[in-house]
Amino acid sequence: MTRIAVIGGGQIGEALIAGLLESGRAAKDLVVVETMPPRAEFLAERFGIRVTDSVAEAANGTDLLVVAVKPRDVDGVMAELGKIELDNDRDQVLMSLAAGVPTSRFEAKLPAGFPVVRVMPNTPMLVGQGMSAIAPGRYAKKDQLELVTEVLESVGKVVTVAESQMDAVTAVSGSGPAYFFLVVEAMVEASVGLGLSRDVATQLVVQTMLGAAALLDESEQEASELRAAVTSPAGTTAAAVRELERAGVRSAFIEALHAAQRRSAEQGTSET
């Protein structure tokens with residue numbers, strides 16, 4: 001069985017562990033590194049897995065090392081990994097979930113030729129509906145990419161892209177949930193202004209978004225076609241869409257995604 005060490009027991013690490021267990025992975029094959037005692041105790045009690053505060057202890061004998069920490073904490077993790085002799089006989093691979101950190105930064109601090117796969121996940125993995133993009137480093141092999149893909153499919157869908165596209169992926173799906181949450185906020189506020197209670201407004205907006213997403217996912221039609229099908233000439237939807245276009249919503253999204261892409265690139269060149 002593949003042994004997996006998750007370095008970082010935050011929300012993303014927790015979501016990944018939950019997905020792995022639900023997909024049939026044995027608790028004995030998982031270990032998580034968490035330095036905060038209350039959080040470590042919570043993870044151990046919830047999942048029945050081994051929890052340690054030692055990166056070296058977790059990495060010993062594992063096949064997949066998952067770095068699930070904030071970008072600013074990556075160098076500290078790599079410093080800890082640098083103190084141990086990684087097991088080349090196990091064909092180990094490192095999977096990074098740290099936003100904006102290129103594979104080259106990991107490869108520079110790991111033994112020569114150590115395989116690294118960079119991942120851009122998003123928060124819907126917390127409910128098993130994540131969208132993850134993976135990009136192989138210079139030394140990652142096909143079977144290692146298949147392992148990473150299998151692991152991530154336990155919490156959602158996966159696509160493979162070139163690493164040069166990862167900043168764009170970050171702007172689209174990594175940051176994307178926040179854009180939809182903002183739309184929900186705005187629609188709920190507008191609904192309350194129309195006289196609906198906040199509870200009813202929230203139910204209407206959230207289920208409408210879920211339904212629209214499901215329809216788009218299952219339909220063979222493009223988003224523009226589905227929108228046109230709802231938009232009767234001179235009808236209520238047409239009036240609303242006209243106002244959204246007049247307010248520059250489309251161009252605002254274009255500018256927003258470009259801003260997110262630039263910021264992702266800036267984070268990737270920072271060493272702190």
# chains A, B, ... in the order shown; residues from 1 in each chain; ligands from 1

$ select_by_dssp --residues "region 35-160 of chain A" --states "alpha helix (DSSP H)" --output "VMD selection string"
chain A and resid 37 to 47 55 to 59 74 to 81 103 to 107 142 to 152

$ residues_around --residues "Val188 (chain A)" --least-positions-apart "6" --cutoff "10 Å" --atoms "only C-alpha atoms" --output "number ranges by chain"
A: 182, 194, 196-206

$ write_last_selection --atoms "C-alpha atoms" --output "mmCIF file, in the first residue's frame"
data_model
loop_
_atom_site.group_PDB
_atom_site.id
_atom_site.type_symbol
_atom_site.label_atom_id
_atom_site.label_comp_id
_atom_site.auth_asym_id
_atom_site.auth_seq_id
_atom_site.Cartn_x
_atom_site.Cartn_y
_atom_site.Cartn_z
ATOM 1 C CA LEU A 182 -18.915 37.509 -3.879
ATOM 2 C CA LEU A 194 -36.439 43.436 -2.914
ATOM 3 C CA LEU A 196 -37.216 38.823 0.776
ATOM 4 C CA SER A 197 -35.959 37.546 4.122
ATOM 5 C CA ARG A 198 -32.236 36.824 4.263
ATOM 6 C CA ASP A 199 -32.863 33.128 4.871
ATOM 7 C CA VAL A 200 -35.167 32.739 1.880
ATOM 8 C CA ALA A 201 -32.884 34.872 -0.285
ATOM 9 C CA THR A 202 -29.872 32.732 0.619
ATOM 10 C CA GLN A 203 -31.715 29.512 -0.207
ATOM 11 C CA LEU A 204 -32.868 30.900 -3.546
ATOM 12 C CA VAL A 205 -29.440 32.168 -4.556
ATOM 13 C CA VAL A 206 -27.386 29.168 -3.407
#

$ residues_around --residues "region 248-255 of chain A" --least-positions-apart "3" --cutoff "12 Å" --atoms "only C-alpha atoms" --output "list of chain:residue names"
A:Ala168, A:Ala171, A:Val172, A:Gly176, A:Tyr179, A:Phe180, A:Leu182, A:Val183, A:Ala240, A:Val241, A:Arg242, A:Glu243, A:Leu244, A:Glu245, A:His258, A:Ala259, A:Ala260, A:Gln261, A:Arg262

$ residues_around --residues "Ile12 (chain A)" --least-positions-apart "5" --cutoff "9 Å" --atoms "only C-alpha atoms" --output "compact mmCIF listing (two decimals) with N, CA, C and O atoms, in the first residue's frame"
# COMPACT_ATOMS: atom_id res chain seq x y z
N ILE A 17 -7.03 14.38 3.75
CA ILE A 17 -7.05 13.18 4.60
C ILE A 17 -8.45 12.56 4.61
O ILE A 17 -8.61 11.35 4.46
N ALA A 68 1.40 20.63 2.48
CA ALA A 68 0.13 21.36 2.51
C ALA A 68 0.23 22.50 3.50
O ALA A 68 -0.56 22.60 4.45
N VAL A 69 1.22 23.38 3.29
CA VAL A 69 1.42 24.52 4.18
C VAL A 69 1.32 25.81 3.38
O VAL A 69 1.30 25.79 2.14
N LEU A 97 1.14 21.56 -2.40
CA LEU A 97 -0.12 22.29 -2.49
C LEU A 97 0.08 23.76 -2.14
O LEU A 97 -0.89 24.50 -1.96
N PRO A 121 -4.87 23.44 -5.78
CA PRO A 121 -6.19 22.97 -5.41
C PRO A 121 -7.13 24.14 -5.19
O PRO A 121 -6.75 25.30 -5.42
N ASN A 122 -8.34 23.89 -4.75
CA ASN A 122 -9.20 24.96 -4.27
C ASN A 122 -10.06 24.46 -3.11
O ASN A 122 -10.14 23.26 -2.86
N THR A 123 -10.67 25.38 -2.40
CA THR A 123 -11.33 25.03 -1.15
C THR A 123 -12.55 24.12 -1.28
O THR A 123 -12.88 23.44 -0.30
N MET A 125 -12.61 21.35 -2.22
CA MET A 125 -12.18 19.99 -1.86
C MET A 125 -12.63 19.64 -0.44
O MET A 125 -12.71 18.47 -0.07
N LEU A 126 -12.97 20.68 0.36
CA LEU A 126 -13.46 20.44 1.71
C LEU A 126 -14.78 19.67 1.71
O LEU A 126 -15.13 19.02 2.69

$ closest_residue --among "A:Val66, A:Gln11, A:Ile49, A:Gly268" --to "Ala26 (chain A)" --atoms "only C-alpha atoms"
A:Ile49

$ atom_distance --atom1 "CA of Ala98 (chain A)" --atom2 "CA of Arg72 (chain A)"
8.9 Å

$ residues_around --residues "Gly8 (chain A)" --least-positions-apart "4" --cutoff "7 Å" --atoms "only C-alpha atoms" --output "compact mmCIF listing (two decimals) with N, CA, C and O atoms, in the first residue's frame"
# COMPACT_ATOMS: atom_id res chain seq x y z
N GLY A 13 -5.16 20.23 4.22
CA GLY A 13 -4.62 18.94 4.65
C GLY A 13 -5.71 18.04 5.21
O GLY A 13 -5.78 16.84 4.91
N VAL A 32 0.11 12.62 9.50
CA VAL A 32 0.04 14.06 9.27
C VAL A 32 0.97 14.77 10.24
O VAL A 32 1.13 14.36 11.39
N VAL A 33 1.61 15.81 9.75
CA VAL A 33 2.48 16.64 10.58
C VAL A 33 1.71 17.89 10.98
O VAL A 33 1.25 18.66 10.13
N GLU A 34 1.54 18.07 12.29
CA GLU A 34 0.84 19.25 12.81
C GLU A 34 1.51 19.66 14.11
O GLU A 34 1.63 18.88 15.04
N VAL A 67 3.10 18.43 0.77
CA VAL A 67 3.40 19.69 1.46
C VAL A 67 2.15 20.56 1.36
O VAL A 67 1.84 21.14 0.32
N ALA A 68 1.40 20.63 2.48
CA ALA A 68 0.13 21.36 2.51
C ALA A 68 0.23 22.50 3.50
O ALA A 68 -0.56 22.60 4.45
N VAL A 69 1.22 23.38 3.29
CA VAL A 69 1.42 24.52 4.18
C VAL A 69 1.32 25.81 3.38
O VAL A 69 1.30 25.79 2.14

$ select_by_dssp --residues "region 118-162 of chain A" --states "strand (DSSP E)" --output "PyMOL selection string"
chain A and resi 118-120+130-136+156-160

$ atom_distance --atom1 "CA of Gln144 (chain A)" --atom2 "CA of Leu94 (chain A)"
9.4 Å

$ residues_around --residues "region 41-48 of chain A" --least-positions-apart "3" --cutoff "9 Å" --atoms "only C-alpha atoms" --output "PyMOL selection string"
chain A and resi 9+14+17-18+21+27-28+32+34+36-38+51

$ residues_around --residues "Leu20 (chain A)" --least-positions-apart "2" --cutoff "10 Å" --atoms "only C-alpha atoms" --output "VMD selection string"
chain A and resid 4 14 to 18 22 to 27 30 150 to 155

$ atom_distance --atom1 "CA of Lys109 (chain A)" --atom2 "CA of Lys141 (chain A)"
19.1 Å

$ closest_residue --among "A:Ala256, A:Met1, A:Val230, A:Val159" --to "Asp29 (chain A)" --atoms "only C-alpha atoms"
A:Met1
